[in-house]
>>> print(open('run36.pdb').read())   # PDB, C-alpha atoms, pLDDT in the B column
ATOM      1  CA  MET S   1     148.555 -19.483  48.382  1.00 50.00           C
ATOM      2  CA  LYS S   2     147.637 -19.786  44.711  1.00 55.00           C
ATOM      3  CA  ALA S   3     144.988 -17.057  45.075  1.00 62.00           C
ATOM      4  CA  LEU S   4     147.602 -14.743  46.580  1.00 55.00           C
ATOM      5  CA  TRP S   5     149.883 -15.208  43.555  1.00 55.00           C
ATOM      6  CA  GLN S   6     146.963 -14.642  41.183  1.00 66.00           C
ATOM      7  CA  ARG S   7     146.087 -11.388  42.940  1.00 69.00           C
ATOM      8  CA  ALA S   8     149.733 -10.321  42.904  1.00 72.00           C
ATOM      9  CA  GLY S   9     149.989 -11.153  39.200  1.00 76.00           C
ATOM     10  CA  THR S  10     146.861  -9.139  38.489  1.00 80.00           C
ATOM     11  CA  CYS S  11     148.234  -6.144  40.368  1.00 81.00           C
ATOM     12  CA  VAL S  12     151.563  -6.362  38.532  1.00 84.00           C
ATOM     13  CA  ALA S  13     149.698  -6.497  35.213  1.00 86.00           C
ATOM     14  CA  VAL S  14     147.546  -3.491  36.161  1.00 85.00           C
ATOM     15  CA  SER S  15     150.628  -1.531  37.255  1.00 84.00           C
ATOM     16  CA  ALA S  16     152.419  -2.400  34.006  1.00 88.00           C
ATOM     17  CA  ALA S  17     149.368  -1.334  32.009  1.00 90.00           C
ATOM     18  CA  LEU S  18     149.200   1.981  33.895  1.00 88.00           C
ATOM     19  CA  PHE S  19     152.899   2.625  33.263  1.00 89.00           C
ATOM     20  CA  ALA S  20     152.499   1.758  29.577  1.00 91.00           C
ATOM     21  CA  PHE S  21     149.476   4.067  29.336  1.00 91.00           C
ATOM     22  CA  LEU S  22     151.455   6.871  30.993  1.00 89.00           C
ATOM     23  CA  PHE S  23     154.445   6.414  28.698  1.00 90.00           C
ATOM     24  CA  VAL S  24     152.439   6.121  25.463  1.00 91.00           C
ATOM     25  CA  SER S  25     150.048   8.978  26.215  1.00 89.00           C
ATOM     26  CA  VAL S  26     152.816  11.386  27.250  1.00 86.00           C
ATOM     27  CA  SER S  27     154.886  10.419  24.199  1.00 88.00           C
ATOM     28  CA  LEU S  28     151.932  10.935  21.840  1.00 88.00           C
ATOM     29  CA  ASN S  29     151.130  14.243  23.514  1.00 84.00           C
ATOM     30  CA  LYS S  30     154.717  15.445  23.143  1.00 85.00           C
ATOM     31  CA  ALA S  31     155.112  14.248  19.554  1.00 87.00           C
ATOM     32  CA  TYR S  32     151.740  15.184  18.059  1.00 85.00           C
ATOM     33  CA  LEU S  33     149.401  17.235  20.245  1.00 82.00           C
ATOM     34  CA  ARG S  34     151.791  19.877  21.588  1.00 81.00           C
ATOM     35  CA  PRO S  35     153.143  20.819  18.139  1.00 83.00           C
ATOM     36  CA  ALA S  36     149.618  20.884  16.694  1.00 82.00           C
ATOM     37  CA  PHE S  37     148.313  23.245  19.390  1.00 79.00           C
ATOM     38  CA  ALA S  38     151.349  25.512  19.755  1.00 73.00           C
ATOM     39  CA  ALA S  39     149.423  28.606  18.634  1.00 71.00           C
ATOM     40  CA  GLY S  40     148.832  29.936  22.184  1.00 71.00           C
ATOM     41  CA  THR S  41     145.243  28.782  22.599  1.00 77.00           C
ATOM     42  CA  ILE S  42     143.694  27.076  25.609  1.00 84.00           C
ATOM     43  CA  LEU S  43     144.409  23.771  23.868  1.00 82.00           C
ATOM     44  CA  ALA S  44     148.126  24.589  23.964  1.00 82.00           C
ATOM     45  CA  THR S  45     147.885  25.076  27.728  1.00 82.00           C
ATOM     46  CA  LEU S  46     145.929  21.848  28.162  1.00 84.00           C
ATOM     47  CA  SER S  47     148.294  19.802  26.031  1.00 84.00           C
ATOM     48  CA  GLY S  48     151.264  21.334  27.851  1.00 81.00           C
ATOM     49  CA  SER S  49     149.880  20.383  31.269  1.00 87.00           C
ATOM     50  CA  TYR S  50     148.606  16.954  30.217  1.00 88.00           C
ATOM     51  CA  SER S  51     151.761  15.116  31.262  1.00 87.00           C
ATOM     52  CA  ASN S  52     151.488  16.460  34.833  1.00 89.00           C
ATOM     53  CA  PHE S  53     147.810  15.540  35.012  1.00 91.00           C
ATOM     54  CA  ILE S  54     148.270  12.002  33.741  1.00 91.00           C
ATOM     55  CA  ALA S  55     151.389  11.406  35.875  1.00 91.00           C
ATOM     56  CA  ALA S  56     149.560  12.527  39.037  1.00 92.00           C
ATOM     57  CA  TRP S  57     146.530  10.400  38.143  1.00 91.00           C
ATOM     58  CA  THR S  58     148.628   7.322  37.384  1.00 92.00           C
ATOM     59  CA  MET S  59     150.731   7.586  40.539  1.00 91.00           C
ATOM     60  CA  GLY S  60     147.650   8.250  42.649  1.00 90.00           C
ATOM     61  CA  VAL S  61     145.564   5.401  41.277  1.00 90.00           C
ATOM     62  CA  SER S  62     148.385   2.814  41.211  1.00 89.00           C
ATOM     63  CA  PRO S  63     147.741   1.470  44.753  1.00 89.00           C
ATOM     64  CA  ALA S  64     144.051   0.911  43.962  1.00 86.00           C
ATOM     65  CA  CYS S  65     144.563  -2.659  42.718  1.00 84.00           C
ATOM     66  CA  PRO S  66     146.322  -3.968  45.842  1.00 84.00           C
ATOM     67  CA  VAL S  67     143.841  -2.117  48.062  1.00 84.00           C
ATOM     68  CA  LEU S  68     140.835  -3.590  46.241  1.00 81.00           C
ATOM     69  CA  THR S  69     142.185  -7.149  46.008  1.00 79.00           C
ATOM     70  CA  ARG S  70     143.256  -7.345  49.658  1.00 80.00           C
ATOM     71  CA  GLY S  71     139.886  -6.170  50.966  1.00 76.00           C
ATOM     72  CA  PHE S  72     141.037  -3.144  52.961  1.00 81.00           C
ATOM     73  CA  SER S  73     138.354  -1.327  54.914  1.00 82.00           C
ATOM     74  CA  PHE S  74     136.833   1.663  53.141  1.00 81.00           C
ATOM     75  CA  ARG S  75     138.551   4.161  55.420  1.00 86.00           C
ATOM     76  CA  ARG S  76     141.958   2.486  55.264  1.00 90.00           C
ATOM     77  CA  GLY S  77     141.832   1.922  51.494  1.00 87.00           C
ATOM     78  CA  THR S  78     140.818   5.500  50.830  1.00 89.00           C
ATOM     79  CA  ALA S  79     143.613   6.709  53.111  1.00 92.00           C
ATOM     80  CA  VAL S  80     146.200   4.657  51.193  1.00 91.00           C
ATOM     81  CA  VAL S  81     145.066   5.971  47.808  1.00 91.00           C
ATOM     82  CA  ALA S  82     144.739   9.543  49.120  1.00 93.00           C
ATOM     83  CA  ALA S  83     148.266   9.349  50.564  1.00 94.00           C
ATOM     84  CA  ALA S  84     149.582   8.167  47.192  1.00 93.00           C
ATOM     85  CA  ALA S  85     147.726  10.999  45.443  1.00 94.00           C
ATOM     86  CA  VAL S  86     149.074  13.614  47.874  1.00 95.00           C
ATOM     87  CA  GLY S  87     152.559  12.149  47.481  1.00 94.00           C
ATOM     88  CA  ALA S  88     152.275  12.318  43.704  1.00 93.00           C
ATOM     89  CA  PHE S  89     151.101  15.918  43.902  1.00 94.00           C
ATOM     90  CA  ALA S  90     153.969  16.831  46.236  1.00 94.00           C
ATOM     91  CA  ILE S  91     156.608  15.186  44.045  1.00 91.00           C
ATOM     92  CA  LEU S  92     155.292  16.793  40.861  1.00 89.00           C
ATOM     93  CA  THR S  93     154.943  20.208  42.499  1.00 90.00           C
ATOM     94  CA  ILE S  94     158.473  20.106  43.917  1.00 89.00           C
ATOM     95  CA  GLU S  95     159.755  19.049  40.497  1.00 87.00           C
ATOM     96  CA  GLU S  96     157.836  21.860  38.836  1.00 85.00           C
ATOM     97  CA  LEU S  97     159.093  24.539  41.196  1.00 84.00           C
ATOM     98  CA  THR S  98     162.708  23.429  41.688  1.00 84.00           C
ATOM     99  CA  SER S  99     163.400  21.157  38.709  1.00 75.00           C
ATOM    100  CA  VAL S 100     165.170  18.583  40.899  1.00 70.00           C
ATOM    101  CA  PHE S 101     165.181  15.884  38.220  1.00 67.00           C
ATOM    102  CA  GLY S 102     165.591  18.241  35.275  1.00 64.00           C
ATOM    103  CA  VAL S 103     162.238  17.376  33.726  1.00 64.00           C
ATOM    104  CA  SER S 104     160.607  20.805  33.935  1.00 63.00           C
ATOM    105  CA  ASP S 105     162.175  23.586  31.904  1.00 69.00           C
ATOM    106  CA  VAL S 106     159.650  26.316  32.712  1.00 71.00           C
ATOM    107  CA  ARG S 107     157.833  26.970  35.992  1.00 78.00           C
ATOM    108  CA  ASP S 108     154.137  27.000  35.239  1.00 82.00           C
ATOM    109  CA  VAL S 109     151.133  27.352  37.539  1.00 89.00           C
ATOM    110  CA  HIS S 110     149.039  25.382  35.034  1.00 89.00           C
ATOM    111  CA  ASP S 111     151.239  22.323  35.590  1.00 88.00           C
ATOM    112  CA  VAL S 112     150.759  22.554  39.352  1.00 91.00           C
ATOM    113  CA  ALA S 113     146.992  22.873  38.856  1.00 93.00           C
ATOM    114  CA  ALA S 114     147.042  19.887  36.491  1.00 93.00           C
ATOM    115  CA  SER S 115     148.901  17.849  39.130  1.00 93.00           C
ATOM    116  CA  ALA S 116     146.297  18.782  41.748  1.00 95.00           C
ATOM    117  CA  LEU S 117     143.457  17.877  39.391  1.00 96.00           C
ATOM    118  CA  GLY S 118     145.119  14.570  38.464  1.00 94.00           C
ATOM    119  CA  SER S 119     145.593  13.648  42.125  1.00 95.00           C
ATOM    120  CA  SER S 120     141.957  14.496  42.885  1.00 96.00           C
ATOM    121  CA  CYS S 121     140.786  12.450  39.914  1.00 94.00           C
ATOM    122  CA  ALA S 122     142.866   9.500  41.160  1.00 93.00           C
ATOM    123  CA  VAL S 123     140.980   9.471  44.461  1.00 94.00           C
ATOM    124  CA  LEU S 124     137.641   9.790  42.631  1.00 95.00           C
ATOM    125  CA  THR S 125     138.624   6.946  40.293  1.00 93.00           C
ATOM    126  CA  PHE S 126     139.395   4.753  43.304  1.00 92.00           C
ATOM    127  CA  LEU S 127     136.040   5.562  44.895  1.00 92.00           C
ATOM    128  CA  VAL S 128     134.214   4.619  41.678  1.00 92.00           C
ATOM    129  CA  LEU S 129     136.207   1.359  41.361  1.00 88.00           C
ATOM    130  CA  ARG S 130     135.510   0.567  45.011  1.00 87.00           C
ATOM    131  CA  ARG S 131     131.771   1.063  44.514  1.00 88.00           C
ATOM    132  CA  ILE S 132     131.806  -1.194  41.426  1.00 87.00           C
ATOM    133  CA  ALA S 133     133.739  -3.882  43.329  1.00 83.00           C
ATOM    134  CA  LEU S 134     131.290  -3.762  46.247  1.00 82.00           C
ATOM    135  CA  ARG S 135     128.287  -4.088  43.932  1.00 85.00           C
ATOM    136  CA  ARG S 136     129.829  -7.113  42.224  1.00 79.00           C
ATOM    137  CA  ARG S 137     130.468  -8.817  45.569  1.00 76.00           C
ATOM    138  CA  ARG S 138     126.863  -8.283  46.683  1.00 78.00           C
ATOM    139  CA  GLN S 139     125.296  -9.753  43.540  1.00 73.00           C
ATOM    140  CA  PRO S 140     124.390 -13.433  43.859  1.00 70.00           C
ATOM    141  CA  MET S 141     126.294 -15.834  41.628  1.00 60.00           C
ATOM    142  CA  PRO S 142     124.186 -17.152  38.724  1.00 64.00           C
ATOM    143  CA  GLN S 143     123.180 -20.802  39.012  1.00 66.00           C
ATOM    144  CA  SER S 144     124.161 -23.117  36.169  1.00 59.00           C
ATOM    145  CA  THR S 145     121.260 -25.133  34.719  1.00 61.00           C
ATOM    146  CA  SER S 146     123.254 -28.076  33.382  1.00 54.00           C
TER     147      SER S 146
END
>>> encode(input="run36.pdb", output="structure tokens")
Amino acid sequence: MKALWQRAGTCVAVSAALFAFLFVSVSLNKAYLRPAFAAGTILATLSGSYSNFIAAWTMGVSPACPVLTRGFSFRRGTAVVAAAAVGAFAILTIEELTSVFGVSDVRDVHDVAASALGSSCAVLTFLVLRRIALRRRRQPMPQSTS
């Protein structure tokens, strides 16, 4: 039972860290990067679409911690993370096109592309984390010499 609470606490901490990263990075982008690159260059487009990319990535990768700590099968774990990534893409695309929540002022194809890229990167991030976790489980524990 104690191990279950430790895993749950770890997942809550990871989720809080992801939310904090999302909030801080979008705030810094809005306050500093967008005004600095407002001259109409490719950097202006990238900084303008950054919030969609990072939101899609964060929402897509957020179920990775519970999936990895509970030992889901590869197929099931990938399906959970992929479903979260597709859901994030759908929510952000609907918001971009219809402005349901009032976040998007201008409809922009770059924001939709950034959401798709962020969702794809979330699945790739999960696959990398899964491979790292599997390698760590296969390595033998070092013996203490004392």
>>> closest_residue(input="run36.pdb", among="S:Leu127, S:Val61, S:Ala31, S:Val86", to="Gly48 in chain S", atoms="all atoms listed in the file")
S:Ala31
>>> resolve_selection(input="run36.pdb", expression="the PyMOL selection byres ((chain S and resi 68-77) around 9)", output="PDB file with C-alpha atoms, keeping the file's coordinate frame")
ATOM      1  CA  ARG S   7     146.087 -11.388  42.940  1.00 69.00           C
ATOM      2  CA  ALA S   8     149.733 -10.321  42.904  1.00 72.00           C
ATOM      3  CA  CYS S  11     148.234  -6.144  40.368  1.00 81.00           C
ATOM      4  CA  PRO S  63     147.741   1.470  44.753  1.00 89.00           C
ATOM      5  CA  ALA S  64     144.051   0.911  43.962  1.00 86.00           C
ATOM      6  CA  CYS S  65     144.563  -2.659  42.718  1.00 84.00           C
ATOM      7  CA  PRO S  66     146.322  -3.968  45.842  1.00 84.00           C
ATOM      8  CA  VAL S  67     143.841  -2.117  48.062  1.00 84.00           C
ATOM      9  CA  THR S  78     140.818   5.500  50.830  1.00 89.00           C
ATOM     10  CA  ALA S  79     143.613   6.709  53.111  1.00 92.00           C
ATOM     11  CA  VAL S  80     146.200   4.657  51.193  1.00 91.00           C
ATOM     12  CA  VAL S  81     145.066   5.971  47.808  1.00 91.00           C
ATOM     13  CA  ALA S  82     144.739   9.543  49.120  1.00 93.00           C
ATOM     14  CA  PHE S 126     139.395   4.753  43.304  1.00 92.00           C
ATOM     15  CA  LEU S 129     136.207   1.359  41.361  1.00 88.00           C
ATOM     16  CA  ARG S 130     135.510   0.567  45.011  1.00 87.00           C
ATOM     17  CA  ALA S 133     133.739  -3.882  43.329  1.00 83.00           C
TER      18      ALA S 133
END
>>> atom_distance(input="run36.pdb", atom1="CA of Glu95 in chain S", atom2="CA of Val128 in chain S")
29.4 Å
>>> resolve_selection(input="run36.pdb", expression="the PyMOL selection byres ((chain S and resi 54-58) around 9)", output="PyMOL selection string")
chain S and resi 18-19+21-22+25-26+49-53+59-62+85-89+92+114-123+125
>>> resolve_selection(input="run36.pdb", expression="the PyMOL selection byres ((chain S and resi 43-46) around 12)", output="PyMOL selection string")
chain S and resi 29-30+32-42+47-54+108-111+113-114
>>> write_last_selection(input="run36.pdb", atoms="C-alpha atoms", output="mmCIF file, in the frame of the given file")
data_model
loop_
_atom_site.group_PDB
_atom_site.id
_atom_site.type_symbol
_atom_site.label_atom_id
_atom_site.label_comp_id
_atom_site.auth_asym_id
_atom_site.auth_seq_id
_atom_site.Cartn_x
_atom_site.Cartn_y
_atom_site.Cartn_z
ATOM 1 C CA ASN S 29 151.130 14.243 23.514
ATOM 2 C CA LYS S 30 154.717 15.445 23.143
ATOM 3 C CA TYR S 32 151.740 15.184 18.059
ATOM 4 C CA LEU S 33 149.401 17.235 20.245
ATOM 5 C CA ARG S 34 151.791 19.877 21.588
ATOM 6 C CA PRO S 35 153.143 20.819 18.139
ATOM 7 C CA ALA S 36 149.618 20.884 16.694
ATOM 8 C CA PHE S 37 148.313 23.245 19.390
ATOM 9 C CA ALA S 38 151.349 25.512 19.755
ATOM 10 C CA ALA S 39 149.423 28.606 18.634
ATOM 11 C CA GLY S 40 148.832 29.936 22.184
ATOM 12 C CA THR S 41 145.243 28.782 22.599
ATOM 13 C CA ILE S 42 143.694 27.076 25.609
ATOM 14 C CA SER S 47 148.294 19.802 26.031
ATOM 15 C CA GLY S 48 151.264 21.334 27.851
ATOM 16 C CA SER S 49 149.880 20.383 31.269
ATOM 17 C CA TYR S 50 148.606 16.954 30.217
ATOM 18 C CA SER S 51 151.761 15.116 31.262
ATOM 19 C CA ASN S 52 151.488 16.460 34.833
ATOM 20 C CA PHE S 53 147.810 15.540 35.012
ATOM 21 C CA ILE S 54 148.270 12.002 33.741
ATOM 22 C CA ASP S 108 154.137 27.000 35.239
ATOM 23 C CA VAL S 109 151.133 27.352 37.539
ATOM 24 C CA HIS S 110 149.039 25.382 35.034
ATOM 25 C CA ASP S 111 151.239 22.323 35.590
ATOM 26 C CA ALA S 113 146.992 22.873 38.856
ATOM 27 C CA ALA S 114 147.042 19.887 36.491
#
>>> atom_distance(input="run36.pdb", atom1="CA of Gln139 in chain S", atom2="CA of Val12 in chain S")
27.0 Å
>>> axis_aligned_box(input="run36.pdb", around="range 92-97 of chain S", padding_each_side="8 Å", output="lines of an AutoDock Vina configuration file")
center_x = 157.3
center_y = 20.7
center_z = 41.4
size_x = 20.8
size_y = 23.7
size_z = 21.1
>>> atom_distance(input="run36.pdb", atom1="CA of Ala84 in chain S", atom2="CA of Glu96 in chain S")
18.0 Å
